[in-house]
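Reproduced below: data.pdb, with PDB, C-alpha atoms.
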```pdb
ATOM      1  CA  MET K 778     114.995  84.441 116.691
ATOM      2  CA  SER K 779     113.134  83.754 113.488
ATOM      3  CA  GLU K 780     109.877  83.245 115.356
ATOM      4  CA  ARG K 781     110.244  86.792 116.658
ATOM      5  CA  ARG K 782     110.381  88.287 113.192
ATOM      6  CA  PRO K 783     107.317  90.432 112.565
ATOM      7  CA  ARG K 784     105.046  89.131 109.851
ATOM      8  CA  VAL K 785     104.234  91.630 107.126
ATOM      9  CA  GLY K 786     101.431  90.844 104.689
ATOM     10  CA  ILE K 787     101.852  91.922 101.068
ATOM     11  CA  VAL K 788      98.622  92.029  99.098
ATOM     12  CA  VAL K 789      99.001  90.619  95.586
ATOM     13  CA  PHE K 790      96.515  91.993  93.061
ATOM     14  CA  PRO K 791      96.264  90.871  89.442
ATOM     15  CA  GLY K 792      98.784  93.246  87.892
ATOM     16  CA  SER K 793     100.901  93.836  90.980
ATOM     17  CA  ASN K 794     104.531  93.594  89.934
ATOM     18  CA  ASP K 795     106.591  94.733  92.910
ATOM     19  CA  ASP K 796     105.090  92.278  95.379
ATOM     20  CA  ARG K 797     108.093  89.949  95.276
ATOM     21  CA  ASP K 798     110.541  92.841  95.387
ATOM     22  CA  ALA K 799     108.789  94.070  98.520
ATOM     23  CA  ALA K 800     108.895  90.569  99.998
ATOM     24  CA  TRP K 801     112.602  90.249  99.214
ATOM     25  CA  ALA K 802     113.410  93.643 100.719
ATOM     26  CA  LEU K 803     111.347  93.053 103.866
ATOM     27  CA  ALA K 804     112.954  89.659 104.387
ATOM     28  CA  ALA K 805     116.401  91.210 103.970
ATOM     29  CA  ILE K 806     115.510  93.740 106.639
ATOM     30  CA  GLY K 807     114.320  91.196 109.154
ATOM     31  CA  ALA K 808     110.613  90.666 108.588
ATOM     32  CA  GLU K 809     108.767  87.568 107.530
ATOM     33  CA  PRO K 810     106.851  88.522 104.381
ATOM     34  CA  VAL K 811     103.519  86.824 103.764
ATOM     35  CA  LEU K 812     101.970  87.161 100.307
ATOM     36  CA  VAL K 813      98.193  87.626 100.509
ATOM     37  CA  TRP K 814      96.109  86.957  97.396
ATOM     38  CA  HIS K 815      93.634  89.735  96.620
ATOM     39  CA  ALA K 816      90.663  87.347  96.779
ATOM     40  CA  GLU K 817      91.323  86.494 100.430
ATOM     41  CA  ARG K 818      88.601  87.828 102.706
ATOM     42  CA  GLU K 819      90.722  87.760 105.828
ATOM     43  CA  LEU K 820      94.290  88.715 106.527
ATOM     44  CA  PRO K 821      96.587  86.135 108.045
ATOM     45  CA  ASP K 822      98.201  86.905 111.397
ATOM     46  CA  VAL K 823     100.374  89.888 110.429
ATOM     47  CA  GLN K 824     101.663  92.965 112.256
ATOM     48  CA  ALA K 825     101.674  95.191 109.155
ATOM     49  CA  VAL K 826     100.404  95.200 105.582
ATOM     50  CA  VAL K 827     102.073  96.461 102.417
ATOM     51  CA  LEU K 828     100.176  97.331  99.247
ATOM     52  CA  PRO K 829     102.842  96.948  96.570
ATOM     53  CA  GLY K 830     103.548  98.700  93.315
ATOM     54  CA  GLY K 831     102.271  97.616  89.942
ATOM     55  CA  PHE K 832      99.273  98.079  87.722
ATOM     56  CA  SER K 833      96.457  96.351  89.555
ATOM     57  CA  TYR K 834      93.594  95.444  87.221
ATOM     58  CA  GLY K 835      95.480  97.145  84.407
ATOM     59  CA  ASP K 836      94.884 100.537  86.050
ATOM     60  CA  TYR K 837      91.562 100.502  84.189
ATOM     61  CA  LEU K 838      89.254 103.462  84.819
ATOM     62  CA  ARG K 839      91.660 105.161  87.256
ATOM     63  CA  ALA K 840      94.758 103.719  88.895
ATOM     64  CA  GLY K 841      93.651 101.889  92.029
ATOM     65  CA  ALA K 842      89.934 102.406  91.382
ATOM     66  CA  ILE K 843      89.107  98.737  90.920
ATOM     67  CA  ALA K 844      91.642  97.215  93.307
ATOM     68  CA  ARG K 845      89.987  99.008  96.193
ATOM     69  CA  PHE K 846      87.013  96.655  95.839
ATOM     70  CA  ALA K 847      89.100  93.482  96.110
ATOM     71  CA  PRO K 848      87.989  91.300  99.033
ATOM     72  CA  ALA K 849      91.414  91.655 100.643
ATOM     73  CA  MET K 850      90.983  95.434 100.683
ATOM     74  CA  ARG K 851      87.946  95.113 102.903
ATOM     75  CA  ALA K 852      90.146  93.203 105.316
ATOM     76  CA  VAL K 853      92.894  95.829 104.984
ATOM     77  CA  ALA K 854      90.403  98.616 105.734
ATOM     78  CA  ALA K 855      89.241  96.753 108.859
ATOM     79  CA  PHE K 856      92.876  96.162 109.853
ATOM     80  CA  ALA K 857      93.618  99.882 109.421
ATOM     81  CA  ALA K 858      90.512 100.869 111.368
ATOM     82  CA  GLU K 859      91.861  98.899 114.317
ATOM     83  CA  GLY K 860      95.140 100.787 114.140
ATOM     84  CA  GLY K 861      97.024  98.254 112.008
ATOM     85  CA  LEU K 862     100.081  99.511 110.139
ATOM     86  CA  VAL K 863      99.551  99.869 106.396
ATOM     87  CA  LEU K 864     102.198 100.983 103.895
ATOM     88  CA  GLY K 865     101.267 101.741 100.288
ATOM     89  CA  ILE K 866     103.924 101.963  97.613
ATOM     90  CA  CYS K 867     103.145 103.590  94.243
ATOM     91  CA  ASN K 868     100.074 101.645  93.053
ATOM     92  CA  GLY K 869      99.441 101.006  96.751
ATOM     93  CA  PHE K 870      99.282 104.789  97.272
ATOM     94  CA  GLN K 871      96.770 105.085  94.435
ATOM     95  CA  ILE K 872      94.646 102.281  95.895
ATOM     96  CA  LEU K 873      94.658 103.803  99.396
ATOM     97  CA  CYS K 874      93.534 107.187  98.037
ATOM     98  CA  GLU K 875      90.784 105.586  95.961
ATOM     99  CA  ALA K 876      89.704 103.601  99.018
ATOM    100  CA  GLY K 877      89.484 106.790 101.074
ATOM    101  CA  LEU K 878      92.053 105.489 103.557
ATOM    102  CA  LEU K 879      94.353 108.366 102.587
ATOM    103  CA  PRO K 880      93.402 111.890 101.516
ATOM    104  CA  GLY K 881      93.829 113.251  97.994
ATOM    105  CA  ALA K 882      94.109 111.589  94.600
ATOM    106  CA  LEU K 883      96.850 110.600  92.171
ATOM    107  CA  ARG K 884      96.509 112.033  88.669
ATOM    108  CA  PRO K 885      98.499 111.453  85.481
ATOM    109  CA  ASN K 886     101.915 113.091  85.609
ATOM    110  CA  THR K 887     101.746 116.652  84.307
ATOM    111  CA  SER K 888     104.417 115.731  81.746
ATOM    112  CA  LEU K 889     102.219 112.852  80.537
ATOM    113  CA  ARG K 890     105.426 110.847  80.546
ATOM    114  CA  PHE K 891     106.147 107.738  82.540
ATOM    115  CA  VAL K 892     109.034 108.677  84.825
ATOM    116  CA  CYS K 893     111.562 106.079  85.905
ATOM    117  CA  ARG K 894     114.546 107.471  87.779
ATOM    118  CA  ASP K 895     116.050 108.168  91.171
ATOM    119  CA  VAL K 896     114.620 111.180  92.971
ATOM    120  CA  ALA K 897     115.557 112.854  96.234
ATOM    121  CA  VAL K 898     112.880 113.277  98.866
ATOM    122  CA  ARG K 899     113.022 115.150 102.155
ATOM    123  CA  VAL K 900     111.751 113.596 105.373
ATOM    124  CA  GLU K 901     109.353 116.062 106.986
ATOM    125  CA  ARG K 902     108.442 113.937 110.008
ATOM    126  CA  THR K 903     110.371 111.280 111.861
ATOM    127  CA  ASP K 904     107.781 110.523 114.546
ATOM    128  CA  THR K 905     105.827 108.097 112.382
ATOM    129  CA  PRO K 906     106.096 104.286 112.328
ATOM    130  CA  PHE K 907     107.306 104.642 108.741
ATOM    131  CA  THR K 908     110.111 107.180 109.173
ATOM    132  CA  ARG K 909     111.390 106.670 112.702
ATOM    133  CA  ARG K 910     114.792 105.538 111.503
ATOM    134  CA  CYS K 911     115.249 108.757 109.508
ATOM    135  CA  ARG K 912     116.635 112.073 110.673
ATOM    136  CA  ASP K 913     114.552 115.244 110.499
ATOM    137  CA  GLY K 914     115.011 116.809 107.094
ATOM    138  CA  GLN K 915     117.044 113.853 105.885
ATOM    139  CA  ARG K 916     117.401 113.587 102.136
ATOM    140  CA  LEU K 917     116.677 110.111 100.780
ATOM    141  CA  VAL K 918     117.415 108.966  97.253
ATOM    142  CA  VAL K 919     114.760 106.492  96.137
ATOM    143  CA  PRO K 920     113.588 105.580  92.623
ATOM    144  CA  VAL K 921     110.189 106.441  91.195
ATOM    145  CA  LYS K 922     108.552 104.683  88.277
ATOM    146  CA  HIS K 923     105.032 105.757  87.498
ATOM    147  CA  GLY K 924     102.772 107.451  84.991
ATOM    148  CA  GLU K 925     100.129 108.602  87.466
ATOM    149  CA  GLY K 926     101.888 110.005  90.500
ATOM    150  CA  CYS K 927     100.721 113.596  90.501
ATOM    151  CA  PHE K 928      99.305 114.088  93.990
ATOM    152  CA  TYR K 929      96.232 116.269  93.968
ATOM    153  CA  ALA K 930      94.546 117.961  96.875
ATOM    154  CA  ASP K 931      92.670 121.236  96.572
ATOM    155  CA  GLY K 932      93.995 124.292  98.417
ATOM    156  CA  ALA K 933      91.920 123.722 101.536
ATOM    157  CA  LEU K 934      92.821 120.040 101.832
ATOM    158  CA  LEU K 935      96.503 120.706 101.197
ATOM    159  CA  ALA K 936      96.531 123.380 103.918
ATOM    160  CA  GLU K 937      94.796 120.955 106.273
ATOM    161  CA  LEU K 938      97.374 118.247 105.562
ATOM    162  CA  GLU K 939     100.182 120.743 106.106
ATOM    163  CA  SER K 940      98.865 121.962 109.441
ATOM    164  CA  ALA K 941      98.090 118.435 110.645
ATOM    165  CA  GLY K 942     101.604 117.306 109.754
ATOM    166  CA  GLN K 943     100.351 114.613 107.412
ATOM    167  CA  ILE K 944     102.867 115.389 104.687
ATOM    168  CA  VAL K 945     105.676 113.048 105.645
ATOM    169  CA  LEU K 946     107.802 113.107 102.496
ATOM    170  CA  ARG K 947     108.316 115.829  99.926
ATOM    171  CA  TYR K 948     110.298 115.811  96.734
ATOM    172  CA  ALA K 949     113.461 117.837  97.276
ATOM    173  CA  ASP K 950     113.718 121.230  95.575
ATOM    174  CA  GLY K 951     113.669 120.837  91.820
ATOM    175  CA  GLN K 952     113.066 117.080  92.039
ATOM    176  CA  ASN K 953     109.269 116.877  91.723
ATOM    177  CA  PRO K 954     108.925 114.298  88.927
ATOM    178  CA  ASN K 955     105.176 114.437  88.350
ATOM    179  CA  GLY K 956     103.733 117.841  89.220
ATOM    180  CA  SER K 957     102.470 116.853  92.668
ATOM    181  CA  ALA K 958     100.790 119.619  94.656
ATOM    182  CA  GLY K 959     103.030 120.871  97.438
ATOM    183  CA  ASP K 960     105.804 118.558  96.210
ATOM    184  CA  VAL K 961     104.038 115.809  98.172
ATOM    185  CA  ALA K 962     105.750 112.428  97.817
ATOM    186  CA  GLY K 963     104.201 110.661 100.804
ATOM    187  CA  VAL K 964     101.274 111.247 103.173
ATOM    188  CA  VAL K 965     100.051 109.643 106.369
ATOM    189  CA  ASN K 966      96.465 109.448 107.588
ATOM    190  CA  ALA K 967      95.266 111.477 110.566
ATOM    191  CA  ASP K 968      95.654 108.509 112.916
ATOM    192  CA  GLY K 969      99.235 107.974 111.798
ATOM    193  CA  ASN K 970      98.962 104.266 110.953
ATOM    194  CA  VAL K 971      98.387 104.367 107.183
ATOM    195  CA  PHE K 972     101.147 105.832 105.025
ATOM    196  CA  ALA K 973     101.934 105.741 101.342
ATOM    197  CA  LEU K 974     104.505 107.128  98.970
ATOM    198  CA  MET K 975     105.105 107.148  95.228
ATOM    199  CA  PRO K 976     108.861 106.343  95.374
ATOM    200  CA  HIS K 977     109.847 102.695  95.788
ATOM    201  CA  PRO K 978     111.754 102.047  99.013
ATOM    202  CA  GLU K 979     111.895  98.318  98.199
ATOM    203  CA  HIS K 980     114.084  99.150  95.208
ATOM    204  CA  ALA K 981     116.600 101.023  97.321
ATOM    205  CA  VAL K 982     117.729  98.609 100.016
ATOM    206  CA  ASP K 983     121.188  97.714  98.737
ATOM    207  CA  PRO K 984     124.029 100.135  97.901
ATOM    208  CA  LEU K 985     124.878  97.908  94.937
ATOM    209  CA  LEU K 986     121.647  99.114  93.337
ATOM    210  CA  GLY K 987     122.538 102.762  93.800
ATOM    211  CA  SER K 988     120.978 103.593  97.149
ATOM    212  CA  ALA K 989     120.013 101.905 100.389
ATOM    213  CA  ASP K 990     117.956 104.854 101.617
ATOM    214  CA  GLY K 991     114.671 103.039 101.066
ATOM    215  CA  ALA K 992     115.690 100.547 103.734
ATOM    216  CA  LEU K 993     115.228 103.288 106.344
ATOM    217  CA  ILE K 994     111.530 103.424 105.568
ATOM    218  CA  LEU K 995     111.054  99.657 105.442
ATOM    219  CA  ALA K 996     113.155  99.144 108.575
ATOM    220  CA  SER K 997     111.080 101.773 110.380
ATOM    221  CA  LEU K 998     107.972  99.778 109.495
ATOM    222  CA  VAL K 999     109.597  96.492 110.514
ATOM    223  CA  ASP K1000     110.661  97.991 113.862
ATOM    224  CA  ALA K1001     107.155  99.260 114.517
ATOM    225  CA  ALA K1002     105.672  95.927 113.459
ATOM    226  CA  ALA K1003     108.112  94.077 115.702
ATOM    227  CA  GLU K1004     106.900  96.038 118.729
ATOM    228  CA  ARG K1005     103.461  94.733 117.964
ATOM    229  CA  VAL K1006     104.554  91.168 118.500
ATOM    230  CA  GLY K1007     106.204  92.293 121.698
ATOM    231  CA  ALA K1008     109.652  91.597 120.333
ATOM    232  CA  SER K1009     112.479  94.005 119.752
ATOM    233  CA  LEU K1010     114.008  93.668 116.346
ATOM    234  CA  THR K1011     117.593  92.617 116.565
ATOM    235  CA  ALA K1012     117.927  90.750 113.315
ATOM    236  CA  SER K1013     121.479  90.952 112.125
ATOM    237  CA  GLY K1014     121.854  92.747 108.863
ATOM    238  CA  ALA K1015     119.067  95.165 109.642
ATOM    239  CA  PRO K1016     120.193  98.527 108.321
ATOM    240  CA  VAL K1017     120.658 101.279 110.858
TER     241      VAL K1017
ATOM    242  CA  MET Y 467      56.366  94.993  70.896
ATOM    243  CA  SER Y 468      56.691  94.664  74.634
ATOM    244  CA  THR Y 469      58.252  97.401  76.709
ATOM    245  CA  ALA Y 470      61.994  97.010  77.070
ATOM    246  CA  THR Y 471      63.100  95.691  80.413
ATOM    247  CA  ARG Y 472      66.459  97.368  80.078
ATOM    248  CA  VAL Y 473      67.331 100.999  80.513
ATOM    249  CA  LYS Y 474      70.164 102.521  78.517
ATOM    250  CA  ALA Y 475      72.154 105.379  79.925
ATOM    251  CA  THR Y 476      75.200 107.447  79.087
ATOM    252  CA  ILE Y 477      77.491 108.838  81.734
ATOM    253  CA  LEU Y 478      79.899 111.685  81.056
ATOM    254  CA  VAL Y 479      82.831 111.973  83.444
ATOM    255  CA  ARG Y 480      84.878 115.164  83.221
ATOM    256  CA  PRO Y 481      87.830 116.590  85.103
ATOM    257  CA  LYS Y 482      86.537 119.260  87.497
ATOM    258  CA  GLU Y 483      87.194 122.926  86.814
ATOM    259  CA  GLY Y 484      90.624 123.895  88.007
ATOM    260  CA  ILE Y 485      91.982 120.364  87.773
ATOM    261  CA  LEU Y 486      94.968 120.282  85.459
ATOM    262  CA  ASP Y 487      94.229 118.082  82.442
ATOM    263  CA  PRO Y 488      97.584 117.334  80.814
ATOM    264  CA  GLN Y 489      95.942 115.056  78.258
ATOM    265  CA  GLY Y 490      93.683 117.893  77.130
ATOM    266  CA  GLN Y 491      96.668 120.252  76.980
ATOM    267  CA  ALA Y 492      98.636 117.832  74.818
ATOM    268  CA  VAL Y 493      95.712 117.418  72.431
ATOM    269  CA  GLU Y 494      95.172 121.181  72.386
ATOM    270  CA  GLY Y 495      98.777 121.650  71.297
ATOM    271  CA  ALA Y 496      98.445 119.013  68.590
ATOM    272  CA  LEU Y 497      95.248 120.577  67.235
ATOM    273  CA  GLN Y 498      96.953 123.970  67.132
ATOM    274  CA  GLU Y 499      99.841 122.385  65.227
ATOM    275  CA  LEU Y 500      97.299 121.188  62.676
ATOM    276  CA  GLY Y 501      96.082 124.755  62.269
ATOM    277  CA  PHE Y 502      92.808 124.547  64.168
ATOM    278  CA  PRO Y 503      92.002 127.756  66.093
ATOM    279  CA  VAL Y 504      91.626 125.807  69.345
ATOM    280  CA  THR Y 505      91.925 127.638  72.656
ATOM    281  CA  ALA Y 506      90.944 124.964  75.178
ATOM    282  CA  VAL Y 507      90.596 121.192  75.281
ATOM    283  CA  ARG Y 508      89.465 119.128  78.262
ATOM    284  CA  ILE Y 509      89.194 115.374  77.975
ATOM    285  CA  GLY Y 510      86.862 113.170  79.950
ATOM    286  CA  ARG Y 511      85.255 109.788  79.534
ATOM    287  CA  VAL Y 512      81.972 108.414  78.195
ATOM    288  CA  VAL Y 513      80.448 105.318  79.743
ATOM    289  CA  ASP Y 514      77.538 103.691  77.900
ATOM    290  CA  ILE Y 515      75.609 101.461  80.236
ATOM    291  CA  GLU Y 516      72.614  99.157  80.106
ATOM    292  CA  LEU Y 517      70.798  98.245  83.287
ATOM    293  CA  ASP Y 518      68.515  95.340  83.955
ATOM    294  CA  THR Y 519      65.578  97.402  85.131
ATOM    295  CA  ALA Y 520      62.575  98.925  83.403
ATOM    296  CA  ASP Y 521      62.359 101.878  85.776
ATOM    297  CA  ALA Y 522      64.280 104.921  84.552
ATOM    298  CA  ASP Y 523      64.170 106.648  87.936
ATOM    299  CA  GLU Y 524      65.475 103.551  89.644
ATOM    300  CA  ALA Y 525      68.206 103.344  86.987
ATOM    301  CA  ARG Y 526      69.231 106.927  87.624
ATOM    302  CA  ALA Y 527      69.405 106.353  91.360
ATOM    303  CA  GLN Y 528      71.548 103.258  90.814
ATOM    304  CA  LEU Y 529      73.860 105.139  88.443
ATOM    305  CA  GLU Y 530      74.285 108.011  90.902
ATOM    306  CA  ARG Y 531      75.630 105.492  93.382
ATOM    307  CA  ALA Y 532      77.769 103.813  90.731
ATOM    308  CA  CYS Y 533      79.340 107.168  89.879
ATOM    309  CA  GLU Y 534      80.017 108.069  93.501
ATOM    310  CA  GLN Y 535      81.481 104.661  94.290
ATOM    311  CA  LEU Y 536      83.429 103.817  91.152
ATOM    312  CA  LEU Y 537      82.851 105.539  87.830
ATOM    313  CA  ALA Y 538      84.033 108.956  88.990
ATOM    314  CA  ASN Y 539      86.350 110.151  91.717
ATOM    315  CA  PRO Y 540      84.276 113.002  93.173
ATOM    316  CA  LEU Y 541      87.424 114.713  94.430
ATOM    317  CA  ILE Y 542      88.690 115.394  90.924
ATOM    318  CA  GLU Y 543      85.843 114.592  88.538
ATOM    319  CA  ARG Y 544      82.225 115.550  87.960
ATOM    320  CA  TYR Y 545      79.685 113.481  86.127
ATOM    321  CA  GLU Y 546      76.421 113.760  84.253
ATOM    322  CA  ILE Y 547      73.962 110.930  83.808
ATOM    323  CA  ALA Y 548      71.625 110.812  80.795
ATOM    324  CA  VAL Y 549      69.007 108.062  80.925
ATOM    325  CA  GLU Y 550      67.182 107.171  77.708
ATOM    326  CA  ARG Y 551      63.449 107.160  78.182
TER     327      ARG Y 551
END
```

Could you quickly redo this structure as structure tokens?
Amino acid sequence: MSERRPRVGIVVFPGSNDDRDAAWALAAIGAEPVLVWHAERELPDVQAVVLPGGFSYGDYLRAGAIARFAPAMRAVAAFAAEGGLVLGICNGFQILCEAGLLPGALRPNTSLRFVCRDVAVRVERTDTPFTRRCRDGQRLVVPVKHGEGCFYADGALLAELESAGQIVLRYADGQNPNGSAGDVAGVVNADGNVFALMPHPEHAVDPLLGSADGALILASLVDAAAERVGASLTASGAPV
Amino acid sequence: MSTATRVKATILVRPKEGILDPQGQAVEGALQELGFPVTAVRIGRVVDIELDTADADEARAQLERACEQLLANPLIERYEIAVER
């Protein structure tokens, strides 16, 4: 069965710090994580890619602004252009926005404080490869930890994202930790294959750590990735 | 003295109008605490740059691209380029 596990690449930038957490969580859920160094010009044979959390290149200039030029990001952009599944978490969200693979930008939190706590988000769409294990409107408790997570899109762009159904996750009422426009916690691209969120699903995969809700998002991705190797995911221990 | 083969330039990057600038707000509050009659503060970034070219127009064209690609995020920031002649 192990050879049927989907392979998920995790790009490691200088300053990434949730790469191993993501690898651990994906392995627990039934994927085979493959760490990919940022200087690699080609991706290995993977069915999905994760851009992990952290502070790539020290977040110099703007969070994600320099990481987007890493050689591996050129490969990720090509992978995404061919329909490959890409999940950005926190710093990964910032990188994908800077790279133009997702709309909008992430600004410093309106509080100017680094926030590190559990937040509740609401699932707005379940017909994406990243949320298919969730129920419509389901409330997920997942931790955030960031200083620059304030999603910005001007009025016209926000309205466009709303009408196109690209807002996949929103902070629940009263839970917006960073001042994000429209309470946006996670967006998907127009083609539906690139998604990112500020909360950390990889830190919420075991009830012992307070919540296993994040596993729904990672397991959705692993399921979708598994279909791309032509195998159905039946790994025992995969959360339902 | 031979003509310099380097061009010096200064780039100002500012948050666009209408973009919330929490850093500016925090500094505004602190200045008011100190008794300054401040009513607005917006904080941006200055980038001093030297380019290995003697052509100021060429330098400006290069810096325009540098701003669009990296130094500013055009969605949320605007920039001004001043090239020393």

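Using all atoms listed in the file, the shortest contact distance between chain K and any of Y:Leu500, Y:Leu537, Y:Ile547, Y:Ala525 is found at Y:Leu537.
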
Query raised in the report: Hey, can you check how far atom CA of K:Gly963 sits from atom CA of K:Ala852?
Result: 22.9 Å

Requested in this report: Give me the result of the PyMOL selection byres ((chain K and resi 895) around 12) on this file, residue by residue, as a ChimeraX atom specification.
Outcome: /K:892-894,896-898,917-923,948-949,952-954,975-978,980-981,986-991

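The closest residue to Y:Ile485, picked from K:Tyr837, K:Phe972, K:Phe790, K:Tyr929 and counting all atoms listed in the file, is K:Tyr929.
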
Query - Spatial neighbours of K:Gly831, max dist 10 Å, only C-alpha atoms, sep filter under 6 positions, as an MDAnalysis selection string - result: chainID K and resid 789:796 840:841 866:869 922:923

Suppose a student applies the PyMOL selection byres ((chain Y) within 8 of (chain K)) to this structure; what residues should they get, written as a PDB file with C-alpha atoms, keeping the file's coordinate frame?
```pdb
ATOM      1  CA  LEU Y 486      94.968 120.282  85.459  1.00  0.00           C
ATOM      2  CA  ASP Y 487      94.229 118.082  82.442  1.00  0.00           C
ATOM      3  CA  PRO Y 488      97.584 117.334  80.814  1.00  0.00           C
ATOM      4  CA  GLN Y 489      95.942 115.056  78.258  1.00  0.00           C
ATOM      5  CA  LEU Y 536      83.429 103.817  91.152  1.00  0.00           C
ATOM      6  CA  LEU Y 537      82.851 105.539  87.830  1.00  0.00           C
ATOM      7  CA  ASN Y 539      86.350 110.151  91.717  1.00  0.00           C
ATOM      8  CA  LEU Y 541      87.424 114.713  94.430  1.00  0.00           C
ATOM      9  CA  ILE Y 542      88.690 115.394  90.924  1.00  0.00           C
TER      10      ILE Y 542
END
```

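If you look at atom CA of K:Arg851 and atom CA of K:Val999, they are 23.0 Å away from each other.
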